[in-house]
Structure formats: structure tokens, C-alpha cells
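Asks: The structure's right below; bear with me while I get my questions together.
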Amino acid sequence: MTRDRSFGQELSPRQLIEIDACTQCGECLKHCPVQTVTGNPAISPPEKIRLFREFLRTTDGIKARLGGAAAVDPRLLEDFTKAVYECTTCGACGQNCPVGIFTQRLWPAMRKELVKRGLGPLGPQPNLPGAIERTGNPYDKPAAERYAPWFPQQVQVAERAEIAYYAGCTGAYEAQPMVRGDVLVLHAAGVPFTMLPAEEEVCCGFPLFITGQHDRLADLTKRLVDGYAARGVKTLVCSCPCCVNIMSRDWPALYGAALPFKIRHITQFVADAFRQGKLRLPRELRESVIYHDPCYLSRGVGVIEEPREVLRSIPGLTVLEFEQHGLNSRCCGSGGAARKVFHDNAIAMGRLTIDEAVAKQADRLILSCPACYAKVNEAMQGYEKQIRITDIMELLASVLAEEPG
Amino acid sequence: MGWLIVAATYAVIAAFYVRLGLHALSWWEAVRRSPPSAPRGIGASARAFVGAAVDVVFLRRLLMVNPALWVGEWVFHAALFVIILRHLRYFMNPIPAWVVWAQTPGWIAGFLLPGALLYLLAIRLLTGQEKFSSTANLLMLLDVLAIAVTGLLMSTRYRADLAAVKLFMLGIVTFAPAPPPLSALFLGHLGLVLVLLLYLPSHVFTAPLAMMAARSRELELRRVLHDA
């Protein structure tokens with residue numbers, strides 16, 4: 001007998017075990033940034049898991065196996081879809097889960113199933129595959145504008161090199177001071193690096209992955225990996241935590257083999273450059289800054305110490321910490337592709353970050369993620385509290401410049 | 001009446017195994033449809049296994065996020081474990097030495113269990129924890145509390161006919177059923193246990209596996225972007 005499609009179709013065996021393993025204790029709610037700003041338990045992690053179990057029962061339970069899948073209330077499915085997409089996928093729930101559920105990958109897997117059922121994605125998210133198909137980036141902007149507006153003229157890019165730099169779409173189109181800073185710092189380190197031409201540096205796939213639209217992921221991955229491999233790349237450096245996350249965690253599976261190069265976040269590369277004496281700072285900076293850990297960099301791939309090492313390398317700089325930092329950092333609101341669908345939530349979360357940075361009397365809020373950079377800047381528009389927002393490489397590049405920037 | 005209870009007991013046990021089987025079947029289907037490059041199961045290096053064992057035995061992750069809840073949960077789980085060991089005497093003949101050894105600790109644990117459960121209820125209902133608690137969990141907690149209290153009453157004041165209890169339990173597990181003693185307290189205790197078995201959350205079995213996966217992932221995290 002042919003069975004109806006299982007609700008667990010897009011979940012890995014490990015994720016099905018995790019769905020079962022949730023004890024519904026509710027500890028995660030205390031750490032969920034969406035809960036903090038909405039206070040709505042209906043969109044909480046345990047409620048999503050409880051509902052998903054109900055859905056699984058309708059397709060995989062004994063009644064379904066004997067007599068076919070039971071109908072699910074369409075309104076319930078609609079509410080569930082909204083709850084799953086309202087999440088910023090920051091992973092704070094999983095970090096504080098007493099059984100250790102890896103929610104930073106569980107929610108995207110649920111989204112994938114919802115997409116297959118025609119329930120997701122939401123808002124402008126369905127436009128992403130088309131935009132990436134047309135222009136190579138989710139912002140639907142011309143490839144010709146990918147590097148031109150911000151790329152420093154004095155920097156030379158090698159045709160072939162062991163080091164490659166991937167700017168990423170959000171950095172290139174929405175956080176240009178950040179990617180400009182990246183390139184200036186790489187240049188200052190004196191290490192030859194290569195880049196793909198603007199029309200070949202396509203999206204890493206993260207926006208599609210996170211919204212559950214996986215159809216083109218393998219193709220994008222193959223184009224990028226083969227492009228870098230053809231240039232003799234041994235280390236691919238990137239500053240976007242979302243790109244770094246999918247590259248290191250998911251690209252090998254999407255590519256179908258181990259990658260022919262290492263992935264490094266730019267702060268790792270720069271921290272190494274300082275250790276090796278390749279970077280020297282000509283002046284000090286007497287300021288106190290507060291560093292925000294991006295969720296996909298800290299909880300996602302464990303890069304926590306290196307950004308602090310880079311900041312501590314700047315003479316005169318005092319580095320402050322948020323109450324929630326490192327593995328427990330608080331989401332800025334831009335994650336999970338929710339920022340353009342659930343705009344108010346994202347702004348409210350961004351303002352929590354601004355509030356604390358201002359309360360701690362930091363001179364600058366230091367970020368190291370283009371999505372955080374774009375969203376927190378947006379959250380500050382029209383807000384009574386103001387702080388100077390600077391990307392970590394933007395800051396370093398300004399100190400590297402002889403004149404204060 | 002006695003045979004009805006025997007039938008109900010077998011029905012609940014059968015339902016329990018069917019439920020477990022369905023979960024296992026779903027998991028096996030997921031293993032079969034997952035691509036070869038996807039993570040298939042629980043990666044378990046020796047280090048992850050030892051770490052996960054520590055996590056399971058000491059509920060380490062809960063300790064990290066909520067020490068107040070951890071105290072109650074750990075005493076509850078430890079007491080329940082020792083009490084289950086003590087109860088094995090009803091299912092085994094002859095009784096092994098380690099089960100004999102567990103009798104006194106099990107008797108003491110019988111007093112700790114309701115205390116731990118009341119503490120957990122107090123934490124959840126009186127300390128603002130309530131909004132984070134699911135109704136199903138609270139009902140389960142009340143059921144276990146009722147099991148603990150009826151058990152404690154039988155081991156201290158209103159003793160059941162232990163020989164008849166053993167005949168009944170041994171009969172169930174050896175498929176040579178005998179009617180249970182018609183003691184209201186024992187039947188209440190048994191009924192509550194059967195309700196627990198019917199609604200036993202599957203996390204009892206899968207949470208340790210998830211903890212093992214989490215340990216593996218934590219160990220991997222240091223290698224994802226680092227050469228360590």
C-alpha cells in the first residue's frame with residue numbers, strides 16, 4: 001500500500017530522534033529572543049515540537065499506517081508555519097536545551113518540509129530562488145554592482161592564489177563598509193588573495209537553505225567550489241557568519257565530497273596574521289567597544305575567541321562584553337530570513353542589543369556579521385538611543401590607516 | 001475482576017510495544033531515505049559516549065541551565081531508578097544478589113521520591129516556572145506522585161499480600177498469568193503505573209541518544225573551523 005507523504009520526510013534520522021527527545025520542559029523559552037519580544041508561547045520551541053509530533057502522528061501513526069493519513073486542520077498548519085518562520089534560527093533554544101537538541105538545523109529542516117507541502121516560505125521569501133537564478137544574489141541586484149561600489153582601488157586581486165576571499169551577497173550589497181574593511185585588512189596583511197569575478201561569486205545558498213528552498217543548493221555549491229578549486233585555492237576566507245556556517249557545515253554534503261579547501265572566518269585569518277607578525281598597527285585607539293557575537297558564528301561554528309583576540313590586538317582598546325555573550329549571545333533579530341517578514345520583531349530585538357550597548361557606555365558596538373550590521377543599523381533609525389556601529393574589520397582597517405578614520 | 005486486570009495489563013504492555021515499534025519504524029524509514037552523505041544516526045566516538053553517559057547520569061545540561069530544577073529532577077530520577085531496581089524482586093525468581101542489595105536503598109528512595117516530586121511541583125507552580133511547563137508534563141508528574149504515595153503507603157502501613165503480588169507480576173512476565181491480590185491500594189498503584197506506561201513520553205528512550213548527538217556535535221564544533 002502506498003503511504004501518504006510523511007511529515008518527517010525532510011528530517012534526518014537524528015532530527016526525528018530529537019523531535020522525540022524533547023521533554024517539553026520549557027527551559028528554552030527563557031532564552032528565545034522571539035519570546036522575549038512577543039511573549040507568545042504559541043510560537044515557542046516546545047510548542048512547535050509538540051505540534052510537529054501531532055503532524056507526524058497523522059502520517060506515521062498506527063491509524064495512518066492502517067487507514068491512510070488523517071487530515072490536519074489547515075488553520076493549525078498555517079499557524080505552525082508562521083511559528084516556524086517567525087523563528088530567527090539563532091539556536092539559543094538548542095544551546096540551553098537540557099537534552100541538547102540541535103535546533104539551528106531542526107527548524108530549517110521543518111521549513112523544508114513545509115515548502116514541499118506548499119505552506120512555506122512566507123512574505124518575499126518565495127522570490128529568493130528566482131532572484132538568485134537571475135542575478136546570482138538574493139537581493140536581485142546586478143552582478144556588476146557586487147564589487148564596484150566598495151572595492152578599494154589600491155587593492156590588487158590575484159588570478160590564482162592559495163587564499164580566496166568570498167564577499168557574500170549581504171556584505172556586498174547591504175553592508176559595504178564591512179566588506180571594504182575585509183579587503184583592506186587582507187591587503188594590509190600582505191597575503192596575495194584571489195576572488196571570483198562578480199558574476200561568478202554567486203549566493204552561498206544560505207538564504208535558500210534557511211527558508212527551506214533547497215532545490216538549487218547543490219548547484220550553487222558546485223559552481224562556487226569548482227570555481228575556487230580552479231584557482232588553486234587552499235583556504236577560503238569569508239566574513240559573513242551565515243556563509244561560513246553553510247560552507248563548513250553543509251557544503252561537503254551538498255558537494256558530495258570533502259571540500260578541496262579549508263573554510264575560515266576572517267577573524268580567524270586575521271588573528272593568525274597578528275600572531276605571525278604580518279599585521280602591525282601604526283597607532284592606538286583609546287575607546288571602549290562592545291562586541292556582539294553573531295549566532296551563526298558563535299553557536300554555529302564555535303568562533304568566539306578569535307574576534308576578541310583581534311580586538312585586543314588594537315592598542316588602547318577596551319573590550320566590553322554583553323551579559324549574554326559567546327555561546328549564549330542574544331540574537332540581533334536579523335537571523336533566519338525572518339527580518340523582512342517579521343520586521344517588528346527584528347527591530348525590537350535589535351534595540352535590545354542597542355540598549356545594552358548604550359547602558360554599558362561603549363563608544364562603539366562592534367559587529368562581525370553583515371545581517372546584524374544591516375539590521376541593527378536599521379533598528380537604530382528613529383530610536384532615542386544611539387551608538388556608533390562598526391564592523392570589526394572596518395574598525396581594524398581604520399586603525400591600520402595612518403590617519404584616524 | 002482479576003482476569004480483567006490481567007487482560008488490561010497485557011493490553012497496556014502491548015500498546016507500549018506497538019508505540020515503541022512505530023517510533024523505531026519511522027526512524028528506520030528516515031535512515032533508508034536519507035542520502036548517504038547526510039548524518040544518518042548518532043555519531044558516537046568513545047569520548048562522546050563517555051560525555052553523554054555523564055550527561056545522562058548527572059543531567060549535566062539541566063544543571064547548566066537551571067540548577068534549582070536540577071536538584072529536584074536528579075533526586076527524582078535517581079530515586080526512581082533505585083525504586084525500579086527494588087521492584088525487580090517481583091519479576092525475578094530466584095532474586096539475584098544485586099536486587100537483594102537494592103532493597104534498603106530502594107526503601108529509602110521511596111521516601112525521597114514524593115519529596116522530590118513535591119519540590120518539582122513547587123518549583124513549577126510557585127516560582128514563575130509555571131508558564132514554561134506543559135500540561136502533559138504536570139499531569140505526568142501528578143501521576144508519578146500518586147504512584148509514589150500509594151507505593152509508600154504499601155511499604156509502610158497498608159501492606160499488600162507480597163506473595164500474591166509476586167505471583168501476579170511473575171505470571172505477567174512469564175506468560176503464565178495469575179490474578180492479582182484484590183487490595184484497593186495495590187490495584188490503584190498498578191492502575192497508575194499502567195496509565196504512566198500508556199502515556200510514557202518517548203523522550204525516556206530518545207533523550208539519551210539526543211544527548212549523545214549533542215556531545216558529538218560539541219566535540220565537532222571545535223573542529224568545524226579549527227584544525228584541532
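Labels for the C-alpha cells follow display order: chains A, B, ..., residues from 1 in each chain, ligands from 1.
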Determine which residues of chain B sit within 9 Å of chain A, taking into account only C-alpha atoms, and present them as an MDAnalysis selection string.
Replies: chainID B and resid 18:19 22:23 25:31 33:34 36:42 55:56 59:66 129 131:134 136:137 201:215 217 221:226
Asks: Could you please take those selected residues and save C-alpha atoms as a compact mmCIF listing (two decimals), in the first residue's frame?
Replies:
# COMPACT_ATOMS: atom_id res chain seq x y z
CA VAL B 18 3.43 -1.07 19.44
CA ARG B 19 4.16 2.59 20.16
CA LEU B 22 6.15 2.64 15.41
CA HIS B 23 8.79 5.10 16.56
CA LEU B 25 9.86 2.09 12.20
CA SER B 26 9.66 5.82 11.46
CA TRP B 27 13.29 6.18 12.40
CA TRP B 28 14.29 3.26 10.19
CA GLU B 29 12.34 4.72 7.26
CA ALA B 30 14.21 8.01 7.77
CA VAL B 31 17.53 6.13 7.75
CA ARG B 33 15.51 7.64 2.69
CA SER B 34 18.38 9.84 3.88
CA PRO B 36 24.46 8.61 2.06
CA SER B 37 26.23 11.92 2.71
CA ALA B 38 23.71 13.06 5.33
CA PRO B 39 24.29 12.38 9.03
CA ARG B 40 22.50 9.06 9.45
CA GLY B 41 22.39 8.43 13.13
CA ILE B 42 24.09 9.28 16.33
CA ASP B 55 25.17 13.99 30.81
CA VAL B 56 22.55 11.26 31.27
CA LEU B 59 21.61 15.53 33.94
CA ARG B 60 24.52 17.90 33.29
CA ARG B 61 22.76 20.03 30.68
CA LEU B 62 19.88 20.75 33.03
CA LEU B 63 22.35 21.65 35.77
CA MET B 64 23.90 24.22 33.43
CA VAL B 65 20.58 25.92 32.61
CA ASN B 66 18.52 25.56 35.79
CA GLN B 129 8.30 28.38 36.16
CA LYS B 131 4.38 29.38 32.22
CA PHE B 132 7.20 27.23 30.91
CA SER B 133 5.53 23.94 31.88
CA SER B 134 3.40 21.84 29.59
CA ALA B 136 1.15 16.94 29.84
CA ASN B 137 4.28 17.18 31.99
CA PRO B 201 6.93 10.09 26.99
CA SER B 202 9.25 8.65 24.38
CA HIS B 203 11.98 11.04 25.49
CA VAL B 204 12.74 8.50 28.20
CA PHE B 205 14.37 6.45 25.43
CA THR B 206 15.48 9.08 22.95
CA ALA B 207 16.79 11.86 25.21
CA PRO B 208 19.99 9.90 25.95
CA LEU B 209 20.51 9.48 22.19
CA ALA B 210 19.97 13.19 21.60
CA MET B 211 22.45 13.93 24.39
CA MET B 212 24.98 11.66 22.70
CA ALA B 213 24.45 13.51 19.39
CA ALA B 214 24.84 16.83 21.21
CA ARG B 215 28.10 15.68 22.79
CA ARG B 217 28.36 17.95 17.94
CA LEU B 221 32.33 22.29 16.99
CA ARG B 222 35.97 22.67 17.99
CA ARG B 223 36.95 21.12 14.66
CA VAL B 224 34.44 22.73 12.29
CA LEU B 225 36.61 25.75 11.62
CA HIS B 226 39.67 24.85 13.63
Asks: Got a sec: who's within 10 Å of segment 143-148 of chain B, counting only C-alpha atoms, leaving out chain neighbours fewer than 6 positions off, as a PyMOL selection string?
Replies: chain B and resi 80+83+109-118+121+137+154+186+188-193+195-196
Asks: Within 8 Å of segment 216-220 of chain A, counting only C-alpha atoms, which residues qualify if same-chain residues fewer than 5 places away don't, as a ChimeraX atom specification?
Replies: /A:129,202-205,208-209,254-255
Asks: Give the answer as one residue: which of A:Arg280, A:His187, A:His292, A:Arg330 has the shortest atom-to-atom distance to Leu365 of chain A, using only C-alpha atoms?
Replies: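 Nearest candidate to Leu365 of chain A out of A:Arg280, A:His187, A:His292, A:Arg330: A:His292.
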Asks: DSSP on the backbone, then: every residue of segment 33-191 of chain A marked helix (DSSP H, G or I), written as a ChimeraX atom specification.
Replies: /A:33-38,41-43,45-60,62-67,74-86,92-95,103-116,125-135,143-145,169-174,176-188
Asks: With only C-alpha atoms as the atoms that count, which of A:Ala397, A:Ala348, A:Val358, A:Ala144 lies nearest to Val376 of chain A?
Replies: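 Comparing A:Ala397, A:Ala348, A:Val358, A:Ala144 against Val376 of chain A, the winner is A:Ala348.
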Asks: How many Å lie between atom CA of Trp3 of chain B and atom CA of Leu142 of chain B, rounded to one decimal?
Replies: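 Atom-to-atom, atom CA of Trp3 of chain B and atom CA of Leu142 of chain B are spaced 27.9 Å apart.
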Asks: If we count only C-alpha atoms and set the cut-off at 9 Å, which residues sit around Asp140 of chain A, ignoring sequence neighbours fewer than 6 positions away in its own chain? Please answer as a ChimeraX atom specification.
Replies: /A:128,130-132,134
Asks: Could the residues in this selection be saved with C-alpha atoms as a short mmCIF file (atom, residue, chain, number, x, y, z; two decimals), in the first residue's frame?
Replies:
data_model
loop_
_atom_site.label_atom_id
_atom_site.label_comp_id
_atom_site.auth_asym_id
_atom_site.auth_seq_id
_atom_site.Cartn_x
_atom_site.Cartn_y
_atom_site.Cartn_z
CA LEU A 128 14.69 34.24 -3.45
CA GLY A 130 14.21 33.47 -8.87
CA ALA A 131 16.41 36.38 -7.82
CA ILE A 132 19.40 34.09 -7.32
CA ARG A 134 18.59 35.84 -12.42
#
Asks: DSSP on the backbone: what in segment 53-283 of chain A comes out strand (DSSP E or B), as a PDB file with N, CA and C atoms, in the first residue's frame?
Replies:
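Below is the file that was written, part.pdb:
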ATOM      1  N   ALA A 158      44.667  38.636  -7.044  1.00  0.00           N
ATOM      2  CA  ALA A 158      45.445  37.703  -7.881  1.00  0.00           C
ATOM      3  C   ALA A 158      44.503  36.841  -8.719  1.00  0.00           C
ATOM      4  N   ILE A 163      44.894  31.689  -1.083  1.00  0.00           N
ATOM      5  CA  ILE A 163      43.850  32.310  -0.267  1.00  0.00           C
ATOM      6  C   ILE A 163      42.813  32.930  -1.198  1.00  0.00           C
ATOM      7  N   ALA A 164      41.545  32.679  -0.914  1.00  0.00           N
ATOM      8  CA  ALA A 164      40.484  33.349  -1.672  1.00  0.00           C
ATOM      9  C   ALA A 164      39.583  34.074  -0.683  1.00  0.00           C
ATOM     10  N   TYR A 165      38.998  35.170  -1.143  1.00  0.00           N
ATOM     11  CA  TYR A 165      38.057  35.918  -0.311  1.00  0.00           C
ATOM     12  C   TYR A 165      36.680  35.871  -0.965  1.00  0.00           C
ATOM     13  N   TYR A 166      35.670  35.488  -0.175  1.00  0.00           N
ATOM     14  CA  TYR A 166      34.283  35.478  -0.644  1.00  0.00           C
ATOM     15  C   TYR A 166      33.559  36.604   0.089  1.00  0.00           C
ATOM     16  N   PHE A 193      45.695  37.292  -2.481  1.00  0.00           N
ATOM     17  CA  PHE A 193      44.420  36.568  -2.432  1.00  0.00           C
ATOM     18  C   PHE A 193      43.666  36.739  -3.741  1.00  0.00           C
ATOM     19  N   THR A 194      42.834  35.755  -4.023  1.00  0.00           N
ATOM     20  CA  THR A 194      42.047  35.779  -5.247  1.00  0.00           C
ATOM     21  C   THR A 194      40.575  35.935  -4.910  1.00  0.00           C
ATOM     22  N   THR A 235      42.557  27.942   1.028  1.00  0.00           N
ATOM     23  CA  THR A 235      41.783  28.477   2.159  1.00  0.00           C
ATOM     24  C   THR A 235      40.810  29.532   1.634  1.00  0.00           C
ATOM     25  N   LEU A 236      39.535  29.334   1.948  1.00  0.00           N
ATOM     26  CA  LEU A 236      38.520  30.311   1.539  1.00  0.00           C
ATOM     27  C   LEU A 236      38.142  31.133   2.767  1.00  0.00           C
ATOM     28  N   VAL A 237      38.354  32.436   2.679  1.00  0.00           N
ATOM     29  CA  VAL A 237      38.101  33.341   3.806  1.00  0.00           C
ATOM     30  C   VAL A 237      36.821  34.121   3.532  1.00  0.00           C
ATOM     31  N   CYS A 238      36.010  34.245   4.572  1.00  0.00           N
ATOM     32  CA  CYS A 238      34.744  34.948   4.419  1.00  0.00           C
ATOM     33  C   CYS A 238      34.404  35.617   5.751  1.00  0.00           C
ATOM     34  N   LYS A 262      40.089  24.723   2.874  1.00  0.00           N
ATOM     35  CA  LYS A 262      39.573  24.989   4.228  1.00  0.00           C
ATOM     36  C   LYS A 262      38.672  26.219   4.181  1.00  0.00           C
ATOM     37  N   ILE A 263      37.754  26.286   5.107  1.00  0.00           N
ATOM     38  CA  ILE A 263      36.928  27.489   5.271  1.00  0.00           C
ATOM     39  C   ILE A 263      37.433  28.208   6.530  1.00  0.00           C
ATOM     40  N   ARG A 264      37.574  29.511   6.457  1.00  0.00           N
ATOM     41  CA  ARG A 264      37.977  30.281   7.638  1.00  0.00           C
ATOM     42  C   ARG A 264      37.161  31.568   7.727  1.00  0.00           C
ATOM     43  N   HIS A 265      36.742  31.873   8.934  1.00  0.00           N
ATOM     44  CA  HIS A 265      36.142  33.190   9.137  1.00  0.00           C
ATOM     45  C   HIS A 265      37.274  34.215   9.143  1.00  0.00           C
TER      46      HIS A 265
END
Asks: Using only C-alpha atoms, which of the listed residues (B:Lys166, B:Leu126, B:Leu198, B:Arg32) sits closest to Asn93 of chain B?
Replies: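 Under the stated criterion, the closest residue is B:Lys166.
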Asks: If we count only C-alpha atoms and set the cut-off at 9 Å, which residues sit around Cys240 of chain A, ignoring sequence neighbours fewer than 2 positions away in its own chain? Please answer as a list in words.
Replies: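 Residues near the query, excluding close chain neighbours: Tyr166, Ala167, Gly168, Thr170, Gly171, Cys238, Cys242, Cys243, Val244, Asn245, His265, Ile266, Leu297, Ser368, Cys369, Pro370 and Ala371 of chain A.
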Asks: Atoms to include: N, CA and C atoms. Write the selected residues as an mmCIF file, in the first residue's frame.
Replies:
data_model
loop_
_atom_site.group_PDB
_atom_site.id
_atom_site.type_symbol
_atom_site.label_atom_id
_atom_site.label_comp_id
_atom_site.auth_asym_id
_atom_site.auth_seq_id
_atom_site.Cartn_x
_atom_site.Cartn_y
_atom_site.Cartn_z
ATOM 1 N N TYR A 166 35.670 35.488 -0.175
ATOM 2 C CA TYR A 166 34.283 35.478 -0.644
ATOM 3 C C TYR A 166 33.559 36.604 0.089
ATOM 4 N N ALA A 167 33.084 37.590 -0.654
ATOM 5 C CA ALA A 167 32.467 38.763 -0.010
ATOM 6 C C ALA A 167 31.077 38.433 0.543
ATOM 7 N N GLY A 168 30.323 37.635 -0.223
ATOM 8 C CA GLY A 168 28.956 37.305 0.211
ATOM 9 C C GLY A 168 27.982 38.395 -0.208
ATOM 10 N N THR A 170 25.115 39.687 1.223
ATOM 11 C CA THR A 170 24.641 40.702 2.174
ATOM 12 C C THR A 170 25.728 41.743 2.426
ATOM 13 N N GLY A 171 26.951 41.287 2.553
ATOM 14 C CA GLY A 171 28.059 42.213 2.735
ATOM 15 C C GLY A 171 28.202 43.116 1.521
ATOM 16 N N CYS A 238 36.010 34.245 4.572
ATOM 17 C CA CYS A 238 34.744 34.948 4.419
ATOM 18 C C CYS A 238 34.404 35.617 5.751
ATOM 19 N N CYS A 242 26.823 33.529 8.268
ATOM 20 C CA CYS A 242 25.858 32.614 7.649
ATOM 21 C C CYS A 242 26.518 31.838 6.516
ATOM 22 N N CYS A 243 27.299 32.559 5.685
ATOM 23 C CA CYS A 243 28.023 31.890 4.595
ATOM 24 C C CYS A 243 29.004 30.882 5.192
ATOM 25 N N VAL A 244 29.789 31.325 6.178
ATOM 26 C CA VAL A 244 30.795 30.448 6.786
ATOM 27 C C VAL A 244 30.122 29.207 7.368
ATOM 28 N N ASN A 245 28.956 29.413 7.943
ATOM 29 C CA ASN A 245 28.234 28.310 8.570
ATOM 30 C C ASN A 245 27.825 27.264 7.546
ATOM 31 N N HIS A 265 36.742 31.873 8.934
ATOM 32 C CA HIS A 265 36.142 33.190 9.137
ATOM 33 C C HIS A 265 37.274 34.215 9.143
ATOM 34 N N ILE A 266 36.974 35.409 8.688
ATOM 35 C CA ILE A 266 38.058 36.399 8.528
ATOM 36 C C ILE A 266 38.748 36.712 9.856
ATOM 37 N N LEU A 297 28.010 32.400 14.056
ATOM 38 C CA LEU A 297 29.458 32.314 14.202
ATOM 39 C C LEU A 297 29.827 31.671 15.542
ATOM 40 N N SER A 368 30.223 41.565 13.616
ATOM 41 C CA SER A 368 31.039 40.856 12.623
ATOM 42 C C SER A 368 30.137 39.991 11.751
ATOM 43 N N CYS A 369 29.000 40.552 11.376
ATOM 44 C CA CYS A 369 28.051 39.831 10.524
ATOM 45 C C CYS A 369 27.295 40.876 9.701
ATOM 46 N N PRO A 370 27.213 40.709 8.390
ATOM 47 C CA PRO A 370 26.544 41.728 7.574
ATOM 48 C C PRO A 370 25.053 41.838 7.856
ATOM 49 N N ALA A 371 24.428 40.714 8.209
ATOM 50 C CA ALA A 371 22.987 40.755 8.505
ATOM 51 C C ALA A 371 22.751 41.527 9.799
#
Asks: I want to know what sits within 6 Å of Arg146 of chain A, based on only C-alpha atoms, with residues of the same chain fewer than 2 positions away left out; could you give that as a list in words?
Replies: Ala143, Ala144, Ala172 and Ala198 of chain A
Asks: Write the residues you've just listed into a file as a CSV table (one decimal), in the first residue's frame, and include N, CA and C atoms for each of them.
Replies:
chain,number,residue,atom,x,y,z
A,143,ALA,N,25.0,41.8,-10.9
A,143,ALA,CA,26.3,41.4,-10.5
A,143,ALA,C,27.3,42.5,-10.7
A,144,ALA,N,27.1,43.3,-11.7
A,144,ALA,CA,28.1,44.4,-11.9
A,144,ALA,C,28.2,45.3,-10.7
A,172,ALA,N,28.2,42.5,0.3
A,172,ALA,CA,28.5,43.3,-0.9
A,172,ALA,C,27.4,44.3,-1.2
A,198,ALA,N,32.7,39.0,-10.3
A,198,ALA,CA,31.4,39.3,-9.6
A,198,ALA,C,30.3,38.4,-10.1
Asks: Could you pull the residues within 12 Å of segment 179-183 of chain B, counting only C-alpha atoms, minus those fewer than 2 positions along the same chain, as an MDAnalysis selection string?
Replies: chainID B and resid 1:9 150 154 158:172 176:177 185:191
Asks: How many Å separate atom CA of Arg388 of chain A from atom CA of Gly316 of chain A?
Replies: 17.9 Å
Asks: Give the answer as one residue: which of A:Arg351, A:Arg283, A:Arg75, A:His214 has the shortest atom-to-atom distance to Pro126 of chain A, using only C-alpha atoms?
Replies: A:His214
